[in-house]
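Enquirer: Got a structure for you, query-v2.cif, holding mmCIF, N, CA and C atoms and all ligand atoms.
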```cif
data_my_file
loop_
_atom_site.group_PDB
_atom_site.id
_atom_site.type_symbol
_atom_site.label_atom_id
_atom_site.label_comp_id
_atom_site.auth_asym_id
_atom_site.auth_seq_id
_atom_site.Cartn_x
_atom_site.Cartn_y
_atom_site.Cartn_z
ATOM 1 N N MET W 1 0.846 -1.188 0.000
ATOM 2 C CA MET W 1 0.000 0.000 0.000
ATOM 3 C C MET W 1 0.878 1.233 0.000
ATOM 4 N N ASN W 2 0.445 2.272 -0.672
ATOM 5 C CA ASN W 2 1.237 3.492 -0.764
ATOM 6 C C ASN W 2 0.399 4.675 -0.300
ATOM 7 N N VAL W 3 0.788 5.293 0.844
ATOM 8 C CA VAL W 3 0.075 6.456 1.367
ATOM 9 C C VAL W 3 1.015 7.644 1.335
ATOM 10 N N VAL W 4 0.649 8.680 0.644
ATOM 11 C CA VAL W 4 1.440 9.903 0.503
ATOM 12 C C VAL W 4 2.894 9.555 0.162
ATOM 13 N N GLY W 5 3.057 8.692 -0.805
ATOM 14 C CA GLY W 5 4.381 8.370 -1.305
ATOM 15 C C GLY W 5 5.206 7.465 -0.405
ATOM 16 N N GLU W 6 4.622 6.952 0.683
ATOM 17 C CA GLU W 6 5.382 6.126 1.618
ATOM 18 C C GLU W 6 4.868 4.692 1.599
ATOM 19 N N GLU W 7 5.789 3.732 1.653
ATOM 20 C CA GLU W 7 5.402 2.326 1.713
ATOM 21 C C GLU W 7 4.852 1.998 3.095
ATOM 22 N N ILE W 8 3.671 1.396 3.152
ATOM 23 C CA ILE W 8 3.040 1.009 4.409
ATOM 24 C C ILE W 8 2.860 -0.506 4.409
ATOM 25 N N ASP W 9 3.271 -1.165 5.511
ATOM 26 C CA ASP W 9 3.157 -2.620 5.595
ATOM 27 C C ASP W 9 1.795 -3.076 6.089
ATOM 28 N N ILE W 10 1.229 -2.326 7.036
ATOM 29 C CA ILE W 10 0.012 -2.781 7.712
ATOM 30 C C ILE W 10 -0.968 -1.629 7.847
ATOM 31 N N VAL W 11 -2.244 -1.928 7.627
ATOM 32 C CA VAL W 11 -3.312 -0.953 7.822
ATOM 33 C C VAL W 11 -4.101 -1.364 9.061
ATOM 34 N N ILE W 12 -4.284 -0.434 9.980
ATOM 35 C CA ILE W 12 -5.018 -0.685 11.224
ATOM 36 C C ILE W 12 -6.306 0.122 11.183
ATOM 37 N N ALA W 13 -7.439 -0.557 11.371
ATOM 38 C CA ALA W 13 -8.732 0.129 11.387
ATOM 39 C C ALA W 13 -9.078 0.504 12.820
ATOM 40 N N GLY W 14 -9.139 1.807 13.108
ATOM 41 C CA GLY W 14 -9.547 2.283 14.419
ATOM 42 C C GLY W 14 -8.409 2.852 15.232
ATOM 43 N N ALA W 15 -8.565 4.102 15.656
ATOM 44 C CA ALA W 15 -7.524 4.777 16.441
ATOM 45 C C ALA W 15 -7.881 4.813 17.923
ATOM 46 N N GLY W 16 -8.466 3.702 18.426
ATOM 47 C CA GLY W 16 -8.658 3.564 19.868
ATOM 48 C C GLY W 16 -7.344 3.155 20.500
ATOM 49 N N ILE W 17 -7.382 2.839 21.800
ATOM 50 C CA ILE W 17 -6.138 2.483 22.496
ATOM 51 C C ILE W 17 -5.495 1.246 21.878
ATOM 52 N N CYS W 18 -6.310 0.309 21.377
ATOM 53 C CA CYS W 18 -5.739 -0.902 20.757
ATOM 54 C C CYS W 18 -5.053 -0.588 19.436
ATOM 55 N N GLY W 19 -5.723 0.179 18.606
ATOM 56 C CA GLY W 19 -5.145 0.518 17.308
ATOM 57 C C GLY W 19 -3.864 1.325 17.447
ATOM 58 N N LEU W 20 -3.883 2.305 18.355
ATOM 59 C CA LEU W 20 -2.697 3.148 18.529
ATOM 60 C C LEU W 20 -1.556 2.365 19.175
ATOM 61 N N SER W 21 -1.890 1.488 20.148
ATOM 62 C CA SER W 21 -0.842 0.668 20.775
ATOM 63 C C SER W 21 -0.227 -0.287 19.762
ATOM 64 N N THR W 22 -1.066 -0.860 18.927
ATOM 65 C CA THR W 22 -0.562 -1.778 17.899
ATOM 66 C C THR W 22 0.356 -1.042 16.938
ATOM 67 N N SER W 23 -0.063 0.143 16.538
ATOM 68 C CA SER W 23 0.750 0.925 15.619
ATOM 69 C C SER W 23 2.099 1.274 16.247
ATOM 70 N N LEU W 24 2.073 1.666 17.542
ATOM 71 C CA LEU W 24 3.322 2.002 18.229
ATOM 72 C C LEU W 24 4.218 0.773 18.368
ATOM 73 N N ALA W 25 3.614 -0.388 18.700
ATOM 74 C CA ALA W 25 4.398 -1.615 18.829
ATOM 75 C C ALA W 25 5.055 -1.984 17.491
ATOM 76 N N LEU W 26 4.309 -1.843 16.418
ATOM 77 C CA LEU W 26 4.872 -2.128 15.089
ATOM 78 C C LEU W 26 5.997 -1.149 14.764
ATOM 79 N N HIS W 27 5.787 0.115 15.104
ATOM 80 C CA HIS W 27 6.814 1.141 14.859
ATOM 81 C C HIS W 27 8.108 0.791 15.589
ATOM 82 N N ARG W 28 7.972 0.333 16.845
ATOM 83 C CA ARG W 28 9.162 -0.041 17.631
ATOM 84 C C ARG W 28 9.919 -1.196 16.962
ATOM 85 N N LYS W 29 9.199 -2.024 16.203
ATOM 86 C CA LYS W 29 9.832 -3.150 15.505
ATOM 87 C C LYS W 29 10.253 -2.773 14.084
ATOM 88 N N GLY W 30 10.058 -1.504 13.739
ATOM 89 C CA GLY W 30 10.464 -1.055 12.413
ATOM 90 C C GLY W 30 9.479 -1.394 11.318
ATOM 91 N N ILE W 31 8.251 -1.715 11.717
ATOM 92 C CA ILE W 31 7.212 -2.045 10.730
ATOM 93 C C ILE W 31 6.303 -0.841 10.562
ATOM 94 N N LYS W 32 6.136 -0.404 9.341
ATOM 95 C CA LYS W 32 5.330 0.794 9.080
ATOM 96 C C LYS W 32 3.851 0.437 9.013
ATOM 97 N N SER W 33 3.059 1.251 9.686
ATOM 98 C CA SER W 33 1.606 1.033 9.632
ATOM 99 C C SER W 33 0.918 2.386 9.474
ATOM 100 N N VAL W 34 -0.336 2.309 9.074
ATOM 101 C CA VAL W 34 -1.158 3.509 9.024
ATOM 102 C C VAL W 34 -2.445 3.182 9.770
ATOM 103 N N VAL W 35 -2.890 4.131 10.604
ATOM 104 C CA VAL W 35 -4.110 3.937 11.381
ATOM 105 C C VAL W 35 -5.223 4.757 10.728
ATOM 106 N N LEU W 36 -6.309 4.068 10.397
ATOM 107 C CA LEU W 36 -7.462 4.751 9.805
ATOM 108 C C LEU W 36 -8.550 4.883 10.857
ATOM 109 N N GLU W 37 -9.111 6.061 11.004
ATOM 110 C CA GLU W 37 -10.152 6.296 11.997
ATOM 111 C C GLU W 37 -11.371 6.889 11.298
ATOM 112 N N ARG W 38 -12.535 6.291 11.568
ATOM 113 C CA ARG W 38 -13.731 6.767 10.870
ATOM 114 C C ARG W 38 -14.355 7.998 11.529
ATOM 115 N N SER W 39 -14.077 8.165 12.844
ATOM 116 C CA SER W 39 -14.619 9.353 13.517
ATOM 117 C C SER W 39 -13.856 10.598 13.080
ATOM 118 N N GLU W 40 -14.572 11.694 12.989
ATOM 119 C CA GLU W 40 -13.936 12.937 12.546
ATOM 120 C C GLU W 40 -13.231 13.658 13.680
ATOM 121 N N ARG W 41 -13.600 13.342 14.944
ATOM 122 C CA ARG W 41 -12.963 14.036 16.058
ATOM 123 C C ARG W 41 -12.789 13.091 17.251
ATOM 124 N N LEU W 42 -11.873 13.484 18.173
ATOM 125 C CA LEU W 42 -11.688 12.727 19.409
ATOM 126 C C LEU W 42 -12.913 12.881 20.279
ATOM 127 N N ARG W 43 -13.248 11.820 21.034
ATOM 128 C CA ARG W 43 -14.387 11.922 21.937
ATOM 129 C C ARG W 43 -14.075 11.154 23.217
ATOM 130 N N GLU W 44 -14.755 11.513 24.283
ATOM 131 C CA GLU W 44 -14.564 10.851 25.575
ATOM 132 C C GLU W 44 -15.773 10.009 25.908
ATOM 133 N N THR W 45 -15.528 8.809 26.413
ATOM 134 C CA THR W 45 -16.594 8.015 27.022
ATOM 135 C C THR W 45 -16.040 7.464 28.321
ATOM 136 N N GLY W 46 -16.900 7.198 29.275
ATOM 137 C CA GLY W 46 -16.441 6.642 30.536
ATOM 138 C C GLY W 46 -15.841 7.705 31.440
ATOM 139 N N SER W 47 -15.345 7.247 32.596
ATOM 140 C CA SER W 47 -14.826 8.173 33.603
ATOM 141 C C SER W 47 -13.308 8.140 33.687
ATOM 142 N N GLY W 48 -12.680 7.274 32.941
ATOM 143 C CA GLY W 48 -11.224 7.146 32.979
ATOM 144 C C GLY W 48 -10.835 5.821 32.368
ATOM 145 N N ILE W 49 -9.555 5.581 32.327
ATOM 146 C CA ILE W 49 -9.063 4.312 31.799
ATOM 147 C C ILE W 49 -8.482 3.519 32.956
ATOM 148 N N ALA W 50 -9.060 2.363 33.235
ATOM 149 C CA ALA W 50 -8.536 1.483 34.273
ATOM 150 C C ALA W 50 -7.592 0.481 33.617
ATOM 151 N N ILE W 51 -6.328 0.498 34.063
ATOM 152 C CA ILE W 51 -5.315 -0.382 33.464
ATOM 153 C C ILE W 51 -4.838 -1.374 34.516
ATOM 154 N N LEU W 52 -4.976 -2.643 34.238
ATOM 155 C CA LEU W 52 -4.540 -3.686 35.165
ATOM 156 C C LEU W 52 -3.076 -4.027 34.901
ATOM 157 N N ALA W 53 -2.535 -4.968 35.722
ATOM 158 C CA ALA W 53 -1.094 -5.253 35.701
ATOM 159 C C ALA W 53 -0.593 -5.644 34.310
ATOM 160 N N ASN W 54 -1.360 -6.473 33.619
ATOM 161 C CA ASN W 54 -0.877 -6.900 32.289
ATOM 162 C C ASN W 54 -0.855 -5.719 31.314
ATOM 163 N N GLY W 55 -1.805 -4.789 31.487
ATOM 164 C CA GLY W 55 -1.814 -3.593 30.637
ATOM 165 C C GLY W 55 -0.595 -2.716 30.875
ATOM 166 N N TRP W 56 -0.225 -2.582 32.185
ATOM 167 C CA TRP W 56 0.981 -1.792 32.490
ATOM 168 C C TRP W 56 2.229 -2.453 31.920
ATOM 169 N N ARG W 57 2.260 -3.775 31.945
ATOM 170 C CA ARG W 57 3.421 -4.471 31.351
ATOM 171 C C ARG W 57 3.511 -4.162 29.858
ATOM 172 N N ALA W 58 2.360 -4.161 29.194
ATOM 173 C CA ALA W 58 2.357 -3.849 27.755
ATOM 174 C C ALA W 58 2.798 -2.405 27.524
ATOM 175 N N LEU W 59 2.311 -1.490 28.366
ATOM 176 C CA LEU W 59 2.696 -0.092 28.212
ATOM 177 C C LEU W 59 4.180 0.112 28.516
ATOM 178 N N ASP W 60 4.714 -0.677 29.489
ATOM 179 C CA ASP W 60 6.156 -0.638 29.756
ATOM 180 C C ASP W 60 6.934 -1.057 28.517
ATOM 181 N N GLN W 61 6.481 -2.154 27.885
ATOM 182 C CA GLN W 61 7.137 -2.650 26.675
ATOM 183 C C GLN W 61 7.115 -1.599 25.573
ATOM 184 N N LEU W 62 6.038 -0.821 25.522
ATOM 185 C CA LEU W 62 5.912 0.199 24.482
ATOM 186 C C LEU W 62 6.701 1.464 24.826
ATOM 187 N N GLY W 63 7.181 1.528 26.090
ATOM 188 C CA GLY W 63 7.987 2.677 26.492
ATOM 189 C C GLY W 63 7.180 3.914 26.852
ATOM 190 N N VAL W 64 5.901 3.735 27.163
ATOM 191 C CA VAL W 64 5.078 4.906 27.489
ATOM 192 C C VAL W 64 4.561 4.877 28.932
ATOM 193 N N ALA W 65 4.846 3.782 29.662
ATOM 194 C CA ALA W 65 4.266 3.629 31.004
ATOM 195 C C ALA W 65 4.780 4.688 31.980
ATOM 196 N N SER W 66 6.067 4.986 31.955
ATOM 197 C CA SER W 66 6.618 5.922 32.945
ATOM 198 C C SER W 66 5.967 7.299 32.805
ATOM 199 N N LYS W 67 5.690 7.707 31.597
ATOM 200 C CA LYS W 67 5.035 9.004 31.398
ATOM 201 C C LYS W 67 3.583 8.950 31.893
ATOM 202 N N LEU W 68 2.912 7.850 31.606
ATOM 203 C CA LEU W 68 1.512 7.723 32.034
ATOM 204 C C LEU W 68 1.398 7.634 33.550
ATOM 205 N N ARG W 69 2.399 7.018 34.206
ATOM 206 C CA ARG W 69 2.355 6.888 35.671
ATOM 207 C C ARG W 69 2.374 8.263 36.349
ATOM 208 N N GLN W 70 2.945 9.256 35.692
ATOM 209 C CA GLN W 70 3.011 10.592 36.289
ATOM 210 C C GLN W 70 1.626 11.209 36.463
ATOM 211 N N THR W 71 0.667 10.792 35.649
ATOM 212 C CA THR W 71 -0.669 11.385 35.734
ATOM 213 C C THR W 71 -1.718 10.352 36.140
ATOM 214 N N SER W 72 -1.270 9.208 36.634
ATOM 215 C CA SER W 72 -2.231 8.180 37.031
ATOM 216 C C SER W 72 -2.220 8.026 38.551
ATOM 217 N N PHE W 73 -3.172 7.321 39.083
ATOM 218 C CA PHE W 73 -3.152 7.009 40.513
ATOM 219 C C PHE W 73 -3.548 5.557 40.713
ATOM 220 N N LEU W 74 -3.046 5.001 41.829
ATOM 221 C CA LEU W 74 -3.305 3.606 42.145
ATOM 222 C C LEU W 74 -4.671 3.464 42.803
ATOM 223 N N ILE W 75 -5.476 2.585 42.264
ATOM 224 C CA ILE W 75 -6.785 2.326 42.866
ATOM 225 C C ILE W 75 -6.577 1.481 44.120
ATOM 226 N N GLN W 76 -7.022 2.005 45.259
ATOM 227 C CA GLN W 76 -6.820 1.310 46.542
ATOM 228 C C GLN W 76 -7.905 0.274 46.803
ATOM 229 N N GLY W 77 -9.050 0.425 46.180
ATOM 230 C CA GLY W 77 -10.134 -0.516 46.398
ATOM 231 C C GLY W 77 -11.261 -0.247 45.427
ATOM 232 N N LEU W 78 -12.105 -1.222 45.280
ATOM 233 C CA LEU W 78 -13.241 -1.085 44.363
ATOM 234 C C LEU W 78 -14.518 -1.463 45.079
ATOM 235 N N LYS W 79 -15.580 -0.796 44.750
ATOM 236 C CA LYS W 79 -16.883 -1.196 45.270
ATOM 237 C C LYS W 79 -17.823 -1.316 44.075
ATOM 238 N N TRP W 80 -18.226 -2.537 43.799
ATOM 239 C CA TRP W 80 -19.162 -2.769 42.699
ATOM 240 C C TRP W 80 -20.570 -2.728 43.269
ATOM 241 N N ILE W 81 -21.364 -1.845 42.768
ATOM 242 C CA ILE W 81 -22.733 -1.759 43.251
ATOM 243 C C ILE W 81 -23.667 -2.177 42.127
ATOM 244 N N LEU W 82 -24.305 -3.312 42.336
ATOM 245 C CA LEU W 82 -25.270 -3.819 41.374
ATOM 246 C C LEU W 82 -26.673 -3.615 41.928
ATOM 247 N N ILE W 83 -27.658 -3.890 41.153
ATOM 248 C CA ILE W 83 -29.022 -3.618 41.595
ATOM 249 C C ILE W 83 -29.368 -4.392 42.865
ATOM 250 N N ASN W 84 -29.016 -5.677 42.902
ATOM 251 C CA ASN W 84 -29.401 -6.500 44.050
ATOM 252 C C ASN W 84 -28.213 -6.993 44.871
ATOM 253 N N TYR W 85 -26.983 -6.556 44.524
ATOM 254 C CA TYR W 85 -25.799 -7.052 45.216
ATOM 255 C C TYR W 85 -24.868 -5.893 45.542
ATOM 256 N N CYS W 86 -24.047 -6.057 46.556
ATOM 257 C CA CYS W 86 -22.963 -5.126 46.857
ATOM 258 C C CYS W 86 -21.742 -5.952 47.202
ATOM 259 N N ILE W 87 -20.702 -5.889 46.360
ATOM 260 C CA ILE W 87 -19.511 -6.718 46.541
ATOM 261 C C ILE W 87 -18.343 -5.799 46.890
ATOM 262 N N HIS W 88 -17.669 -6.032 48.013
ATOM 263 C CA HIS W 88 -16.486 -5.248 48.386
ATOM 264 C C HIS W 88 -15.243 -6.028 47.991
ATOM 265 N N VAL W 89 -14.321 -5.385 47.302
ATOM 266 C CA VAL W 89 -13.084 -6.051 46.871
ATOM 267 C C VAL W 89 -11.917 -5.406 47.605
HETATM 268 C C1 LIG A 1 -19.674 3.789 27.326
HETATM 269 C C2 LIG A 1 -18.335 3.174 27.613
HETATM 270 C C3 LIG A 1 -17.644 3.567 28.762
HETATM 271 C C4 LIG A 1 -16.404 2.999 29.066
HETATM 272 N N1 LIG A 1 -15.735 3.427 30.185
HETATM 273 C C5 LIG A 1 -14.540 2.917 30.489
HETATM 274 C C6 LIG A 1 -13.830 3.397 31.643
HETATM 275 O O1 LIG A 1 -14.301 4.239 32.394
HETATM 276 N N2 LIG A 1 -12.607 2.870 31.907
HETATM 277 C C7 LIG A 1 -12.054 1.914 31.091
HETATM 278 O O2 LIG A 1 -10.950 1.497 31.382
HETATM 279 N N3 LIG A 1 -12.710 1.444 29.992
HETATM 280 C C8 LIG A 1 -13.930 1.927 29.690
HETATM 281 N N4 LIG A 1 -14.620 1.457 28.603
HETATM 282 C C9 LIG A 1 -14.029 0.415 27.827
HETATM 283 C C10 LIG A 1 -12.994 1.014 26.924
HETATM 284 O O3 LIG A 1 -13.536 2.149 26.280
HETATM 285 C C11 LIG A 1 -12.643 -0.002 25.896
HETATM 286 O O4 LIG A 1 -12.210 -1.193 26.524
HETATM 287 C C12 LIG A 1 -11.508 0.514 25.044
HETATM 288 O O5 LIG A 1 -11.774 1.820 24.580
HETATM 289 C C13 LIG A 1 -11.393 -0.412 23.867
HETATM 290 O O6 LIG A 1 -10.392 0.112 23.054
HETATM 291 P P1 LIG A 1 -10.344 -0.256 21.551
HETATM 292 O O7 LIG A 1 -9.176 0.453 20.945
HETATM 293 O O8 LIG A 1 -10.405 -1.732 21.403
HETATM 294 O O9 LIG A 1 -11.719 0.256 20.941
HETATM 295 P P2 LIG A 1 -12.305 1.735 20.834
HETATM 296 O O10 LIG A 1 -11.797 2.640 21.888
HETATM 297 O O11 LIG A 1 -13.777 1.542 20.712
HETATM 298 O O12 LIG A 1 -11.707 2.238 19.449
HETATM 299 C C14 LIG A 1 -12.083 1.681 18.218
HETATM 300 C C15 LIG A 1 -11.975 2.794 17.200
HETATM 301 O O13 LIG A 1 -12.112 2.218 15.909
HETATM 302 C C16 LIG A 1 -12.913 3.073 15.126
HETATM 303 N N5 LIG A 1 -13.454 2.236 14.074
HETATM 304 C C17 LIG A 1 -14.292 1.197 14.209
HETATM 305 N N6 LIG A 1 -14.531 0.625 13.021
HETATM 306 C C18 LIG A 1 -13.781 1.319 12.121
HETATM 307 C C19 LIG A 1 -13.611 1.195 10.718
HETATM 308 N N7 LIG A 1 -14.225 0.236 10.004
HETATM 309 N N8 LIG A 1 -12.790 2.076 10.095
HETATM 310 C C20 LIG A 1 -12.150 3.042 10.813
HETATM 311 N N9 LIG A 1 -12.286 3.207 12.146
HETATM 312 C C21 LIG A 1 -13.104 2.342 12.791
HETATM 313 C C22 LIG A 1 -13.927 3.649 16.091
HETATM 314 O O14 LIG A 1 -14.451 4.874 15.641
HETATM 315 C C23 LIG A 1 -13.074 3.840 17.332
HETATM 316 O O15 LIG A 1 -12.472 5.124 17.409
HETATM 317 C C24 LIG A 1 -15.852 2.010 28.239
HETATM 318 C C25 LIG A 1 -16.551 1.628 27.081
HETATM 319 C C26 LIG A 1 -17.779 2.199 26.765
HETATM 320 C C27 LIG A 1 -18.510 1.770 25.519
#
```
For this file, produce the structure as structure tokens.

Expert:
Amino acid sequence: MNVVGEEIDIVIAGAGICGLSTSLALHRKGIKSVVLERSERLRETGSGIAILANGWRALDQLGVASKLRQTSFLIQGLKWILINYCIHV
């Protein structure tokens, strides 16, 4: 595939966290990719991004975890409130 005169090895559909992480991982391996996004603008959903241990390991591998840790905080506990249940973790 040829985008703006450049050879591209892989096309990634979607510029969510998965698409962008995949593109960055490929870049670190010297593989060129292009990310296509159908939305015209960035948008927010949810209240934040919860990243578990395996996610942090992946972000460490990508070389972006230390920067993200500067603006993140450790969740000390969770309370799941369901309609008929309350589970303390
Ligand atoms: C309402 C809601 C609230 C959430 N809140 C939280 C939260 O608080 N904390 C948390 O950790 N997680 C939350 N999540 C889950 C989190 O958003 C997802 O796990 C995460 O965003 C998934 O990332 P992704 O890259 O796989 O997909 P997405 O973030 O959905 O990205 C996929 C992208 O691909 C694009 N796309 C799709 N098809 C095409 C196509 N054919 N061509 C081009 N582009 C395409 C879409 O427009 C989109 O931008 C929430 C999810 C939802 C729906």

Enquirer: Hey, what comes out of the PyMOL selection byres (((not hetatm)) within 6.5 of (chain A and resi 1)) on this file? Could you write it as an mmCIF file with N, CA and C atoms, in the coordinates of the input?

Expert:
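Saved to expr-v2.cif:
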```
data_model
loop_
_atom_site.group_PDB
_atom_site.id
_atom_site.type_symbol
_atom_site.label_atom_id
_atom_site.label_comp_id
_atom_site.auth_asym_id
_atom_site.auth_seq_id
_atom_site.Cartn_x
_atom_site.Cartn_y
_atom_site.Cartn_z
ATOM 1 N N ALA W 13 -7.439 -0.557 11.371
ATOM 2 C CA ALA W 13 -8.732 0.129 11.387
ATOM 3 C C ALA W 13 -9.078 0.504 12.820
ATOM 4 N N GLY W 14 -9.139 1.807 13.108
ATOM 5 C CA GLY W 14 -9.547 2.283 14.419
ATOM 6 C C GLY W 14 -8.409 2.852 15.232
ATOM 7 N N ALA W 15 -8.565 4.102 15.656
ATOM 8 C CA ALA W 15 -7.524 4.777 16.441
ATOM 9 C C ALA W 15 -7.881 4.813 17.923
ATOM 10 N N GLY W 16 -8.466 3.702 18.426
ATOM 11 C CA GLY W 16 -8.658 3.564 19.868
ATOM 12 C C GLY W 16 -7.344 3.155 20.500
ATOM 13 N N ILE W 17 -7.382 2.839 21.800
ATOM 14 C CA ILE W 17 -6.138 2.483 22.496
ATOM 15 C C ILE W 17 -5.495 1.246 21.878
ATOM 16 N N CYS W 18 -6.310 0.309 21.377
ATOM 17 C CA CYS W 18 -5.739 -0.902 20.757
ATOM 18 C C CYS W 18 -5.053 -0.588 19.436
ATOM 19 N N GLY W 19 -5.723 0.179 18.606
ATOM 20 C CA GLY W 19 -5.145 0.518 17.308
ATOM 21 C C GLY W 19 -3.864 1.325 17.447
ATOM 22 N N LEU W 20 -3.883 2.305 18.355
ATOM 23 C CA LEU W 20 -2.697 3.148 18.529
ATOM 24 C C LEU W 20 -1.556 2.365 19.175
ATOM 25 N N LEU W 36 -6.309 4.068 10.397
ATOM 26 C CA LEU W 36 -7.462 4.751 9.805
ATOM 27 C C LEU W 36 -8.550 4.883 10.857
ATOM 28 N N GLU W 37 -9.111 6.061 11.004
ATOM 29 C CA GLU W 37 -10.152 6.296 11.997
ATOM 30 C C GLU W 37 -11.371 6.889 11.298
ATOM 31 N N ARG W 38 -12.535 6.291 11.568
ATOM 32 C CA ARG W 38 -13.731 6.767 10.870
ATOM 33 C C ARG W 38 -14.355 7.998 11.529
ATOM 34 N N SER W 39 -14.077 8.165 12.844
ATOM 35 C CA SER W 39 -14.619 9.353 13.517
ATOM 36 C C SER W 39 -13.856 10.598 13.080
ATOM 37 N N THR W 45 -15.528 8.809 26.413
ATOM 38 C CA THR W 45 -16.594 8.015 27.022
ATOM 39 C C THR W 45 -16.040 7.464 28.321
ATOM 40 N N GLY W 46 -16.900 7.198 29.275
ATOM 41 C CA GLY W 46 -16.441 6.642 30.536
ATOM 42 C C GLY W 46 -15.841 7.705 31.440
ATOM 43 N N SER W 47 -15.345 7.247 32.596
ATOM 44 C CA SER W 47 -14.826 8.173 33.603
ATOM 45 C C SER W 47 -13.308 8.140 33.687
ATOM 46 N N GLY W 48 -12.680 7.274 32.941
ATOM 47 C CA GLY W 48 -11.224 7.146 32.979
ATOM 48 C C GLY W 48 -10.835 5.821 32.368
ATOM 49 N N ILE W 49 -9.555 5.581 32.327
ATOM 50 C CA ILE W 49 -9.063 4.312 31.799
ATOM 51 C C ILE W 49 -8.482 3.519 32.956
ATOM 52 N N ALA W 50 -9.060 2.363 33.235
ATOM 53 C CA ALA W 50 -8.536 1.483 34.273
ATOM 54 C C ALA W 50 -7.592 0.481 33.617
ATOM 55 N N ILE W 51 -6.328 0.498 34.063
ATOM 56 C CA ILE W 51 -5.315 -0.382 33.464
ATOM 57 C C ILE W 51 -4.838 -1.374 34.516
#
```

Enquirer: List every residue of chain W that DSSP, applied to the backbone, labels as strand (DSSP E or B), and write the result as a PyMOL selection string.

Expert: chain W and resi 2-3+6-7+10-13+33-36+79-81+86-88

Enquirer: Starting from the PyMOL selection byres (((chain W and resi 56-61 and name CA) around 12) and not hetatm and name CA), expand the selection into actual residues of this file and give them as a list in words.

Expert: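 Answer for the PyMOL selection byres (((chain W and resi 56-61 and name CA) around 12) and not hetatm and name CA): Ile17, Cys18, Leu20, Ser21, Thr22, Leu24, Ala25, Leu26, Arg28, Lys29, Ile49, Ala50, Ile51, Leu52, Ala53, Asn54, Gly55, Leu62, Gly63, Val64, Ala65, Ser66, Lys67, Leu68, Arg69, Ser72 and Leu74 of chain W.
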
Enquirer: Of the candidates W:Leu42, W:Glu7, W:Val35, W:Lys79, which shows the shortest atom-to-atom distance to Ser23 of chain W, using all atoms listed in the file?

Expert: W:Val35

Enquirer: Using only C-alpha atoms, which of W:Glu44, W:Ile8, W:Leu78, W:Asn84 sits nearest Gly30 of chain W?

Expert: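 Smallest separation from Gly30 of chain W among the options: W:Ile8.
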
Enquirer: Just the number, please: distance in Å from atom N of Val34 of chain W to atom CA of Gly5 of chain W, one decimal.

Expert: 12.9 Å

Enquirer: Please compute the atom CA of Asp9 of chain W-atom CA of Glu40 of chain W distance, one decimal, in Å.

Expert: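 Distance between the two atoms: 24.1 Å.
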
Enquirer: Please indicate the distance in Å from atom CA of Ser33 of chain W to atom CA of Ile10 of chain W, rounded to one decimal place.

Expert: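 Computed distance, atom CA of Ser33 of chain W to atom CA of Ile10 of chain W, equals 4.6 Å.
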